[in-house]
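S.K.: Data file coords-v1.txt (compact mmCIF, C-alpha atoms and all ligand atoms) is appended below.
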# COMPACT_ATOMS: atom_id res chain seq x y z
CA MET H 1425 113.13 124.82 102.27
CA ILE H 1426 115.93 127.22 103.13
CA LYS H 1427 118.10 126.02 106.02
CA LYS H 1428 120.97 127.90 107.67
CA SER H 1429 124.46 126.45 107.83
CA LEU H 1430 125.37 125.87 111.44
CA PHE H 1431 128.60 127.86 111.75
CA THR H 1432 128.32 130.96 109.52
CA GLY H 1433 124.54 130.87 108.97
CA LYS H 1434 124.59 130.92 105.18
CA ASP H 1435 121.45 129.83 103.28
CA VAL H 1436 121.27 126.34 101.77
CA GLN H 1437 118.26 125.05 99.86
CA ILE H 1438 117.20 121.58 100.99
CA GLY H 1439 114.45 119.64 99.20
CA ASP H 1440 111.87 121.26 96.88
CA GLY H 1441 113.69 119.82 93.87
CA ALA H 1442 117.19 120.99 94.89
CA ASP H 1443 120.12 118.77 93.99
CA ASN H 1444 121.11 117.54 97.47
CA LEU H 1445 123.35 114.97 99.06
CA ILE H 1446 122.11 114.40 102.60
CA MET H 1447 123.91 112.40 105.29
CA ALA H 1448 121.80 111.04 108.15
CA ILE H 1449 122.46 109.24 111.41
CA GLU H 1450 119.86 107.11 113.19
CA SER H 1451 120.41 105.88 116.76
CA SER H 1452 116.95 105.96 118.37
CA CYS H 1453 117.03 102.39 119.70
CA ASP H 1454 119.38 99.46 119.09
CA GLU H 1455 120.69 100.14 115.58
CA THR H 1456 123.56 102.54 114.86
CA ALA H 1457 123.00 103.63 111.27
CA CYS H 1458 124.40 106.13 108.80
CA ALA H 1459 123.37 106.75 105.18
CA ILE H 1460 123.94 109.16 102.33
CA VAL H 1461 120.96 109.81 100.06
CA LYS H 1462 120.71 111.85 96.86
CA ASN H 1463 117.62 113.98 96.29
CA GLY H 1464 115.57 112.10 98.85
CA ARG H 1465 115.12 108.93 96.80
CA GLU H 1466 118.48 107.54 95.68
CA VAL H 1467 120.50 105.71 98.34
CA ILE H 1468 124.25 106.17 97.79
CA SER H 1469 125.32 104.32 100.94
CA ASN H 1470 123.48 102.68 103.83
CA VAL H 1471 125.26 101.20 106.85
CA VAL H 1472 123.44 99.59 109.80
CA ALA H 1473 125.15 98.11 112.87
CA SER H 1474 122.61 96.09 114.85
CA GLN H 1475 122.92 95.49 118.61
CA ILE H 1476 120.52 92.53 118.65
CA LYS H 1477 123.28 90.12 119.77
CA THR H 1478 124.02 92.37 122.79
CA HIS H 1479 120.41 92.61 123.99
CA GLU H 1480 119.24 89.09 123.07
CA LYS H 1481 120.31 87.62 126.40
CA TYR H 1482 118.21 90.17 128.33
CA GLY H 1483 115.10 89.56 126.18
CA GLY H 1484 114.84 93.28 125.40
CA VAL H 1485 116.83 96.47 124.85
CA ILE H 1486 118.70 97.77 127.92
CA PRO H 1487 118.86 101.55 127.30
CA GLU H 1488 122.14 102.26 129.13
CA ILE H 1489 123.97 99.42 127.37
CA ALA H 1490 122.51 100.50 124.02
CA ALA H 1491 123.73 104.10 124.49
CA ARG H 1492 127.26 102.93 125.32
CA GLU H 1493 127.36 100.66 122.30
CA HIS H 1494 126.23 103.54 120.04
CA LEU H 1495 129.18 105.55 121.35
CA GLU H 1496 131.60 102.80 120.39
CA THR H 1497 130.05 102.14 116.98
CA ILE H 1498 129.15 105.57 115.69
CA ASN H 1499 132.51 106.65 114.26
CA PRO H 1500 133.24 103.45 112.30
CA VAL H 1501 129.66 103.47 110.94
CA ILE H 1502 130.00 107.08 109.74
CA MET H 1503 133.40 106.35 108.16
CA GLU H 1504 132.00 103.33 106.36
CA ALA H 1505 129.04 105.32 104.96
CA PHE H 1506 131.49 107.84 103.45
CA GLU H 1507 133.76 105.08 102.12
CA GLN H 1508 130.90 103.13 100.49
CA ALA H 1509 129.63 106.32 98.85
CA ASN H 1510 133.10 107.46 97.85
CA ILE H 1511 132.13 110.97 98.93
CA ASN H 1512 133.88 113.61 101.06
CA PRO H 1513 132.06 115.33 103.93
CA GLU H 1514 132.53 118.66 102.08
CA GLN H 1515 130.16 117.41 99.36
CA ILE H 1516 127.27 116.90 101.81
CA ASP H 1517 124.52 119.59 101.78
CA ALA H 1518 123.04 118.82 105.23
CA PHE H 1519 123.79 116.60 108.22
CA VAL H 1520 120.77 114.96 109.81
CA GLY H 1521 120.07 113.10 113.06
CA THR H 1522 117.00 111.47 114.59
CA ALA H 1523 115.77 113.76 117.41
CA GLY H 1524 113.05 111.41 118.74
CA PRO H 1525 110.95 109.62 119.75
CA GLY H 1526 113.33 107.00 121.11
CA LEU H 1527 115.72 106.22 123.96
CA VAL H 1528 117.18 109.53 125.11
CA GLY H 1529 120.73 108.30 125.81
CA CYS H 1530 120.84 106.63 122.39
CA LEU H 1531 119.40 109.60 120.49
CA LEU H 1532 121.95 111.93 122.08
CA VAL H 1533 124.83 110.03 120.45
CA GLY H 1534 123.54 110.27 116.87
CA LEU H 1535 122.07 113.77 117.14
CA ASN H 1536 125.27 115.23 118.57
CA ALA H 1537 127.40 113.48 115.93
CA ALA H 1538 125.24 115.06 113.18
CA LYS H 1539 125.39 118.50 114.85
CA THR H 1540 129.16 118.26 115.19
CA LEU H 1541 129.62 117.36 111.51
CA ALA H 1542 127.34 120.27 110.53
CA LEU H 1543 129.44 122.65 112.63
CA ILE H 1544 132.78 121.37 111.33
CA TYR H 1545 131.75 121.51 107.65
CA ASP H 1546 129.51 124.59 108.04
CA LYS H 1547 126.35 122.90 106.69
CA PRO H 1548 122.77 122.91 107.95
CA PHE H 1549 121.82 120.47 110.71
CA ILE H 1550 118.35 118.89 110.62
CA GLY H 1551 116.71 116.90 113.46
CA ILE H 1552 114.13 114.32 112.38
CA ASN H 1553 110.98 112.89 113.93
CA HIS H 1554 111.62 109.12 113.73
CA LEU H 1555 108.00 108.37 112.84
CA TYR H 1556 108.08 110.61 109.78
CA GLY H 1557 111.40 108.93 109.05
CA HIS H 1558 109.69 105.54 108.87
CA ILE H 1559 107.01 106.95 106.53
CA SER H 1560 109.78 108.36 104.29
CA ALA H 1561 111.18 104.84 103.76
CA ASN H 1562 108.39 104.69 101.17
CA TYR H 1563 109.96 107.51 99.13
CA ILE H 1564 113.17 105.55 98.44
CA ASP H 1565 113.35 104.31 94.84
CA THR H 1566 109.75 105.33 94.02
CA ASP H 1567 107.78 108.37 92.88
CA ILE H 1568 105.06 108.10 95.52
CA LYS H 1569 103.75 111.40 96.96
CA PRO H 1570 101.05 112.31 99.50
CA PRO H 1571 98.15 112.27 100.02
CA PHE H 1572 98.01 108.73 101.35
CA ILE H 1573 97.09 106.67 104.39
CA ALA H 1574 100.12 105.35 106.28
CA LEU H 1575 99.99 102.32 108.56
CA LEU H 1576 102.92 102.82 110.92
CA VAL H 1577 103.77 99.66 112.85
CA SER H 1578 106.97 99.40 114.87
CA GLY H 1579 108.31 98.22 118.19
CA GLY H 1580 107.14 101.42 119.87
CA HIS H 1581 104.26 102.71 117.73
CA THR H 1582 101.06 101.67 116.00
CA GLN H 1583 99.29 104.45 114.16
CA ILE H 1584 97.03 105.14 111.22
CA LEU H 1585 98.13 108.45 109.72
CA ASN H 1586 96.45 110.71 107.23
CA VAL H 1587 99.47 112.05 105.33
CA ILE H 1588 97.83 115.07 103.67
CA SER H 1589 101.17 116.51 102.60
CA ASN H 1590 104.80 116.39 103.71
CA SER H 1591 104.07 119.13 106.23
CA ASP H 1592 100.63 118.06 107.37
CA VAL H 1593 100.19 114.65 109.01
CA VAL H 1594 97.11 113.86 111.09
CA ILE H 1595 97.02 110.90 113.51
CA MET H 1596 93.67 109.20 112.82
CA GLY H 1597 94.20 106.52 115.45
CA GLU H 1598 96.79 104.70 117.51
CA THR H 1599 97.21 101.92 120.02
CA VAL H 1600 95.82 102.52 123.48
CA ASP H 1601 98.23 99.99 125.02
CA ASP H 1602 100.93 97.79 123.39
CA ALA H 1603 102.47 98.60 120.00
CA VAL H 1604 102.19 95.81 117.40
CA GLY H 1605 105.92 95.06 117.45
CA GLU H 1606 105.85 94.95 121.25
CA ALA H 1607 102.91 92.50 121.14
CA TYR H 1608 104.81 90.33 118.63
CA ASP H 1609 107.94 90.34 120.80
CA LYS H 1610 106.01 89.57 124.03
CA VAL H 1611 104.00 86.74 122.46
CA ALA H 1612 107.17 85.30 120.92
CA ARG H 1613 108.88 85.45 124.31
CA LEU H 1614 106.11 83.62 126.13
CA MET H 1615 106.49 80.79 123.61
CA GLY H 1616 110.25 80.71 124.28
CA LEU H 1617 111.34 82.27 120.95
CA PRO H 1618 114.50 84.45 120.91
CA TYR H 1619 114.39 88.29 121.01
CA PRO H 1620 113.25 90.17 118.97
CA GLY H 1621 110.58 87.61 118.18
CA GLY H 1622 108.59 89.37 115.44
CA ALA H 1623 110.46 87.99 112.44
CA THR H 1624 110.72 84.45 113.93
CA LEU H 1625 107.01 84.40 114.77
CA ASP H 1626 106.26 85.52 111.20
CA LYS H 1627 108.36 82.64 109.81
CA LEU H 1628 106.71 79.98 112.04
CA ALA H 1629 103.24 81.32 111.21
CA LYS H 1630 103.76 80.35 107.57
CA ASN H 1631 103.68 76.68 108.57
CA GLY H 1632 100.63 77.00 110.81
CA ASN H 1633 96.86 77.12 110.43
CA PRO H 1634 95.57 80.70 110.89
CA LEU H 1635 92.12 79.37 111.80
CA ALA H 1636 93.37 76.91 114.45
CA PHE H 1637 92.51 79.22 117.37
CA LYS H 1638 90.00 82.05 117.51
CA LEU H 1639 91.72 84.94 119.26
CA PRO H 1640 89.98 88.18 120.30
CA GLU H 1641 90.38 91.42 118.35
CA GLY H 1642 90.83 94.44 120.64
CA LYS H 1643 87.55 96.25 121.15
CA VAL H 1644 88.31 99.93 120.58
CA ASP H 1645 86.42 102.56 118.65
CA GLY H 1646 87.38 104.34 115.49
CA TYR H 1647 90.94 104.00 114.29
CA ASN H 1648 92.47 103.11 117.64
CA PHE H 1649 93.93 99.71 118.47
CA SER H 1650 94.41 97.54 121.56
CA PHE H 1651 96.68 94.51 121.66
CA SER H 1652 97.04 93.77 125.38
CA GLY H 1653 93.86 91.60 125.49
CA LEU H 1654 95.13 89.55 122.56
CA LYS H 1655 98.48 89.08 124.30
CA THR H 1656 96.71 87.85 127.47
CA ALA H 1657 94.55 85.49 125.37
CA VAL H 1658 97.70 83.93 123.88
CA LEU H 1659 99.18 83.61 127.37
CA ARG H 1660 96.06 81.76 128.53
CA LEU H 1661 96.14 79.55 125.46
CA VAL H 1662 99.78 78.65 126.05
CA LYS H 1663 99.08 77.85 129.72
CA SER H 1664 96.11 75.65 128.76
CA PHE H 1665 98.55 73.18 127.20
CA ASP H 1666 99.94 72.68 130.69
CA GLY H 1667 103.39 71.39 129.75
CA GLN H 1668 102.21 69.35 126.73
CA GLU H 1669 103.89 70.11 123.42
CA LEU H 1670 102.70 73.51 122.11
CA PRO H 1671 101.29 73.73 118.58
CA ILE H 1672 103.62 76.73 118.10
CA ASN H 1673 103.08 77.15 114.36
CA ASP H 1674 99.29 77.20 114.73
CA ILE H 1675 99.45 79.68 117.63
CA CYS H 1676 101.77 81.96 115.61
CA ALA H 1677 99.52 81.74 112.54
CA SER H 1678 96.35 82.45 114.56
CA PHE H 1679 97.98 85.42 116.33
CA GLN H 1680 99.30 86.78 113.04
CA GLU H 1681 95.89 86.40 111.39
CA CYS H 1682 94.19 88.32 114.22
CA VAL H 1683 96.75 91.18 114.18
CA SER H 1684 96.96 91.57 110.40
CA SER H 1685 93.21 91.53 109.82
CA THR H 1686 92.63 94.09 112.61
CA LEU H 1687 95.24 96.45 111.13
CA VAL H 1688 94.18 96.20 107.51
CA LYS H 1689 90.46 96.51 108.34
CA LYS H 1690 91.16 99.95 109.82
CA VAL H 1691 93.35 101.00 106.89
CA LYS H 1692 90.39 100.16 104.61
CA LEU H 1693 88.08 102.32 106.74
CA ALA H 1694 90.56 105.23 106.64
CA LEU H 1695 90.84 104.96 102.83
CA LYS H 1696 87.06 105.00 102.57
CA GLU H 1697 86.70 108.02 104.84
CA THR H 1698 89.37 110.10 103.08
CA GLY H 1699 88.64 108.85 99.55
CA TYR H 1700 92.41 108.37 99.01
CA LYS H 1701 93.63 105.87 96.45
CA GLN H 1702 97.09 105.31 97.99
CA ALA H 1703 98.28 103.52 101.13
CA VAL H 1704 101.75 102.80 102.50
CA ILE H 1705 103.11 100.76 105.40
CA ALA H 1706 106.09 101.69 107.51
CA GLY H 1707 108.08 100.62 110.57
CA GLY H 1708 109.81 97.39 111.55
CA VAL H 1709 106.59 95.36 111.51
CA ALA H 1710 106.00 96.44 107.89
CA ALA H 1711 108.44 93.59 107.15
CA ASN H 1712 105.70 91.16 108.22
CA SER H 1713 104.66 88.85 105.38
CA GLU H 1714 100.97 88.59 106.25
CA ILE H 1715 100.47 92.33 106.86
CA ARG H 1716 102.18 93.04 103.52
CA LYS H 1717 100.02 90.41 101.78
CA LYS H 1718 96.75 91.76 103.18
CA MET H 1719 97.79 95.36 102.37
CA PHE H 1720 98.61 94.44 98.75
CA GLU H 1721 95.21 92.75 98.44
CA LEU H 1722 93.77 96.28 98.60
CA GLU H 1723 95.13 96.76 95.07
CA ALA H 1724 92.16 94.73 93.84
CA ASP H 1725 90.00 97.72 94.94
CA GLY H 1726 92.07 100.16 92.84
CA ILE H 1727 94.34 101.31 95.69
CA ARG H 1728 98.05 101.94 95.00
CA VAL H 1729 99.85 100.17 97.84
CA HIS H 1730 103.49 100.71 98.66
CA ALA H 1731 105.75 98.94 101.15
CA PRO H 1732 109.44 99.76 101.66
CA GLU H 1733 112.06 97.19 100.76
CA MET H 1734 112.74 94.97 103.81
CA LYS H 1735 116.04 96.70 104.69
CA TYR H 1736 114.24 100.05 104.89
CA CYS H 1737 111.44 98.74 107.20
CA THR H 1738 113.48 98.25 110.37
CA ASP H 1739 115.54 101.17 111.69
CA ASN H 1740 117.97 102.63 109.14
CA ALA H 1741 119.33 106.07 108.28
CA ALA H 1742 118.41 106.12 104.56
CA MET H 1743 114.79 106.80 105.54
CA THR H 1744 115.99 109.55 107.91
CA ALA H 1745 117.91 111.29 105.10
CA SER H 1746 114.91 110.97 102.78
CA CYS H 1747 112.71 112.51 105.48
CA ALA H 1748 115.01 115.55 105.74
CA TYR H 1749 114.62 116.14 102.00
CA PHE H 1750 110.82 115.85 101.89
CA PHE H 1751 109.33 116.73 105.28
CA SER H 1752 109.38 120.43 106.08
CA ASN H 1753 108.34 120.11 109.74
CA SER H 1754 111.72 119.00 111.07
CA TYR H 1755 113.85 120.65 113.76
CA ASP H 1756 116.76 122.57 112.39
CA ASP H 1757 118.69 124.63 114.86
CA ALA H 1758 121.67 123.88 117.02
CA ASP H 1759 119.49 123.96 120.16
CA THR H 1760 117.37 121.00 119.03
CA GLU H 1761 117.04 118.57 121.92
CA VAL H 1762 116.32 114.85 121.84
CA PHE H 1763 112.88 113.70 123.03
CA SER H 1764 111.60 110.30 124.16
CA ARG H 1765 107.93 110.77 123.22
CA VAL H 1766 106.12 112.87 120.65
CA LYS H 1767 104.81 116.07 122.20
CA LYS H 1768 101.04 116.30 121.81
O1 LIG H 1801 110.97 100.04 113.49
P1 LIG H 1801 111.77 99.12 114.31
O2 LIG H 1801 113.08 98.60 113.74
O3 LIG H 1801 112.15 99.78 115.68
C1 LIG H 1801 111.29 100.69 116.32
O4 LIG H 1801 111.34 101.89 115.94
O5 LIG H 1801 110.53 100.21 117.18
O6 LIG H 1801 110.83 97.90 114.70
C2 LIG H 1801 111.26 96.79 115.43
C3 LIG H 1801 110.08 95.83 115.63
C4 LIG H 1801 110.39 94.70 116.61
O7 LIG H 1801 109.33 94.62 117.54
C5 LIG H 1801 110.44 93.45 115.72
O8 LIG H 1801 110.05 92.26 116.37
C6 LIG H 1801 109.44 93.83 114.64
O9 LIG H 1801 109.74 95.19 114.37
N1 LIG H 1801 109.56 93.02 113.40
C7 LIG H 1801 108.59 92.20 112.97
C8 LIG H 1801 109.08 91.58 111.77
N2 LIG H 1801 110.36 92.06 111.54
C9 LIG H 1801 110.62 92.95 112.56
N3 LIG H 1801 107.37 91.93 113.46
C10 LIG H 1801 106.59 91.05 112.78
N4 LIG H 1801 106.99 90.42 111.63
C11 LIG H 1801 108.21 90.65 111.10
N5 LIG H 1801 108.59 90.02 109.98
ZN ZN H 1802 111.91 102.68 114.27
Show me, as structure tokens, the structure contained in the file I just sent.
M.R.:
Amino acid sequence: MIKKSLFTGKDVQIGDGADNLIMAIESSCDETACAIVKNGREVISNVVASQIKTHEKYGGVIPEIAAREHLETINPVIMEAFEQANINPEQIDAFVGTAGPGLVGCLLVGLNAAKTLALIYDKPFIGINHLYGHISANYIDTDIKPPFIALLVSGGHTQILNVISNSDVVIMGETVDDAVGEAYDKVARLMGLPYPGGATLDKLAKNGNPLAFKLPEGKVDGYNFSFSGLKTAVLRLVKSFDGQELPINDICASFQECVSSTLVKKVKLALKETGYKQAVIAGGVAANSEIRKKMFELEADGIRVHAPEMKYCTDNAAMTASCAYFFSNSYDDADTEVFSRVKK
């Protein structure tokens, strides 16, 4: 891909086998992150400043507070990424920022920082779709290439994607209500677990019986998902204990069993329909132990399964830099605006 440098407009080749150092910033939600990645797969530095402590007391992310904290954190995070890599900004081939989807006030901070660096050092600027960013976490330290089926599970999204190539991604199905991560966080909250509850719920589930309670799988056609009925069923279950001690581990394990089997069942269907022999998982919930386990069980059917390392599942900028190297459908002019939802 030929991209134009932002100040003088000179041509720079990005991706397609070029030798590139790409610096990316990610600030779509409550992590301020900056990374430098070589040739899309080799992480030279990766810095993530999490705001979980700030938002914990509210039980969720407060967008205005998150945006302000990004403003305070962004410069030190960028400096640290350069220090860790022992690289000067002049050596960078392109500066990248997440354009969306995400919280608009938060995205603005990272995107404008990347644009500014591109202007100062006269390099191309590239705006990234965060969802393709999550998929690209699978490219770090591997040789995996499309076509594959991607199960994208995060706090804001749940999708089954047919990744035909790095410029052609078809959404086969998605949630009609809550995202998986959202369902995890809400269920964790109603059992009194701290925010964000996904990882805690996962941990407690390991000590519980997944068959203790039969919970309902969302009834939706094709590759779509629904998790709001499941969430209500857990609420009813919790209320039925009426103040008695909750069998928290068993509830977590039963919820996790229901979610993971629903997700992986549809991945199997998508693999069958496309005839693909590769599947990847992506997004914060890809850190979930049971979803990973069930996905890797597909290897017994001759499927190559790939999951990013834990630190590349939740929001980070290494995946964003990798995305800029591989995906050709990014936004790359100075007028690129942030967006909260993917345009259909
Ligand atoms: O991708 P991500 O960092 O942010 C978004 O783009 O949404 O995902 C965050 C979500 C949260 O809902 C969090 O609870 C969930 O990922 N999560 C998990 C686990 N680790 C993080 N959910 C289930 N099991 C986990 N181990
Ligand atoms: Zn994310």
S.K.: With ligand LIG 1801 (chain H) as the partner and 7 Å as the cut-off, tabulate the residues of chain H that qualify, each row holding the nearest pair of atoms and their distance in Å to one decimal, using only C-alpha atoms and all ligand atoms, sorted by chain and rising number, as a tab-separated table.
M.R.:
residue	atom	partner	partner_atom	distance
H:Cys1453	CA	H:LIG1801	O4	6.8
H:Ser1578	CA	H:LIG1801	O6	4.1
H:Gly1579	CA	H:LIG1801	O5	3.1
H:Gly1580	CA	H:LIG1801	O5	4.5
H:His1581	CA	H:LIG1801	O5	6.8
H:Gly1605	CA	H:LIG1801	O7	3.4
H:Glu1606	CA	H:LIG1801	O7	5.1
H:Tyr1608	CA	H:LIG1801	N3	6.0
H:Asp1609	CA	H:LIG1801	O8	5.3
H:Pro1620	CA	H:LIG1801	O8	4.6
H:Gly1621	CA	H:LIG1801	O8	5.0
H:Gly1622	CA	H:LIG1801	O8	3.4
H:Ala1623	CA	H:LIG1801	N5	3.7
H:Leu1625	CA	H:LIG1801	N4	6.8
H:Asp1626	CA	H:LIG1801	N4	5.0
H:Gly1707	CA	H:LIG1801	O1	4.1
H:Gly1708	CA	H:LIG1801	O6	3.4
H:Val1709	CA	H:LIG1801	C7	4.0
H:Ala1710	CA	H:LIG1801	C8	6.9
H:Ala1711	CA	H:LIG1801	N5	4.6
H:Asn1712	CA	H:LIG1801	N5	3.6
H:Ser1713	CA	H:LIG1801	N5	6.2
H:Cys1737	CA	H:LIG1801	O1	6.4
H:Thr1738	CA	H:LIG1801	O2	3.4
H:Asp1739	CA	H:LIG1801	O2	4.1
S.K.: Provide an axis-aligned box for all listed atoms of region 1737-1753 of chain H, padding each side by 4 Å; report its centre and its edge lengths in Å to one decimal, as lines of an AutoDock Vina configuration file.
M.R.:
center_x = 113.8
center_y = 109.3
center_z = 106.8
size_x = 19.0
size_y = 30.2
size_z = 17.8
S.K.: By how many Å are CA of Gly1529 (chain H) and CA of Ala1542 (chain H) apart?
M.R.: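 Straight-line distance from CA of Gly1529 (chain H) to CA of Ala1542 (chain H) works out to 20.5 Å.
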S.K.: Identify which of the residues H:Tyr1700, H:Tyr1749, H:Phe1763, H:Tyr1556 lies closest to ligand ZN 1802 (chain H), counting all atoms listed in the file when measuring atom-to-atom distances.
M.R.: H:Tyr1556
S.K.: Mind pulling up the distance from CA of His1730 (chain H) to CA of Asp1440 (chain H)?
M.R.: 22.3 Å
S.K.: Between CA of Glu1761 (chain H) and CA of His1554 (chain H), measure the distance and give it in Å to one decimal.
M.R.: 13.6 Å
S.K.: For ligand ZN 1802 (chain H), which residue out of H:Val1577, H:Val1688, H:Ala1636, H:Ile1449 is the nearest one, using all atoms listed in the file?
M.R.: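 Nearest candidate to ligand ZN 1802 (chain H) out of H:Val1577, H:Val1688, H:Ala1636, H:Ile1449: H:Val1577.
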S.K.: From the list H:Glu1488, H:Glu1493, H:Asp1602, H:Glu1714, which residue is nearest Gln1475 (chain H) when using only C-alpha atoms?
M.R.: H:Glu1493
S.K.: Identify the residues around (107.3, 120.5, 109.6) within a radius of 10 Å, measuring from all atoms listed in the file in the coordinates stated by the file, and give them as a list in words.
M.R.: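 Collected hits near the coordinates: Ile1552, Asn1553, Tyr1556, Asn1590, Ser1591, Asp1592, Val1593, Ala1748, Phe1750, Phe1751, Ser1752, Asn1753, Ser1754 and Tyr1755 of chain H.
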S.K.: Can you list, as a PyMOL selection string, every protein, DNA or RNA residue that comes within 6 Å of Ser1650 (chain H) when you count all atoms listed in the file, leaving out same-chain residues fewer than 5 positions away?
M.R.: chain H and resi 1599-1601+1642
S.K.: Neighbours of region 1655-1667 of chain H within 7 Å (all atoms listed in the file; same-chain residues fewer than 4 positions away dropped), as a JSON list (two decimals) with C-alpha atoms, keeping the file's coordinate frame?
M.R.:
[["chain", "number", "residue", "atom", "x", "y", "z"],
["H", 1607, "ALA", "CA", 102.91, 92.50, 121.14],
["H", 1611, "VAL", "CA", 104.00, 86.74, 122.46],
["H", 1639, "LEU", "CA", 91.72, 84.94, 119.26],
["H", 1651, "PHE", "CA", 96.68, 94.51, 121.66]]
S.K.: When you count all atoms listed in the file, which of these residues is closest to Glu1723 (chain H): H:Gln1680, H:Asn1740, H:Asn1463, H:Gln1702?
M.R.: H:Gln1702
S.K.: Given only C-alpha atoms as the basis, pick out the residue of H:Asp1443, H:Val1704, H:Glu1641, H:Gly1653 nearest to Ser1685 (chain H).
M.R.: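 Closest to Ser1685 (chain H), using only C-alpha atoms: H:Glu1641.
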S.K.: Between H:Thr1624, H:Thr1744, H:Asn1633, H:Asn1586, which one has atoms that come closest to ligand ZN 1802 (chain H), using all atoms listed in the file?
M.R.: H:Thr1744
S.K.: Would you kindly return, as a short mmCIF file (atom, residue, chain, number, x, y, z; two decimals) with C-alpha atoms, keeping the file's coordinate frame, each protein, DNA or RNA residue with an atom no farther than 8 Å from any atom of Phe1637 (chain H), considering only C-alpha atoms and excluding same-chain residues fewer than 3 positions away?
M.R.:
data_model
loop_
_atom_site.label_atom_id
_atom_site.label_comp_id
_atom_site.auth_asym_id
_atom_site.auth_seq_id
_atom_site.Cartn_x
_atom_site.Cartn_y
_atom_site.Cartn_z
CA PRO H 1634 95.57 80.70 110.89
CA ASP H 1674 99.29 77.20 114.73
CA ILE H 1675 99.45 79.68 117.63
CA SER H 1678 96.35 82.45 114.56
#
S.K.: Got a sec: who's within 8 Å of Leu1575 (chain H), counting all atoms listed in the file, leaving out chain neighbours fewer than 5 positions off, as a ChimeraX atom specification?
M.R.: /H:1582-1585,1687,1691,1703-1706
S.K.: Would you mind listing what lies within 8 Å of Gln1515 (chain H) as a list in words, with all atoms listed in the file counted and same-chain residues fewer than 3 positions away left out?
M.R.: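 Using all atoms listed in the file, the neighbours found are Leu1445, Ile1511 and Asn1512 of chain H.
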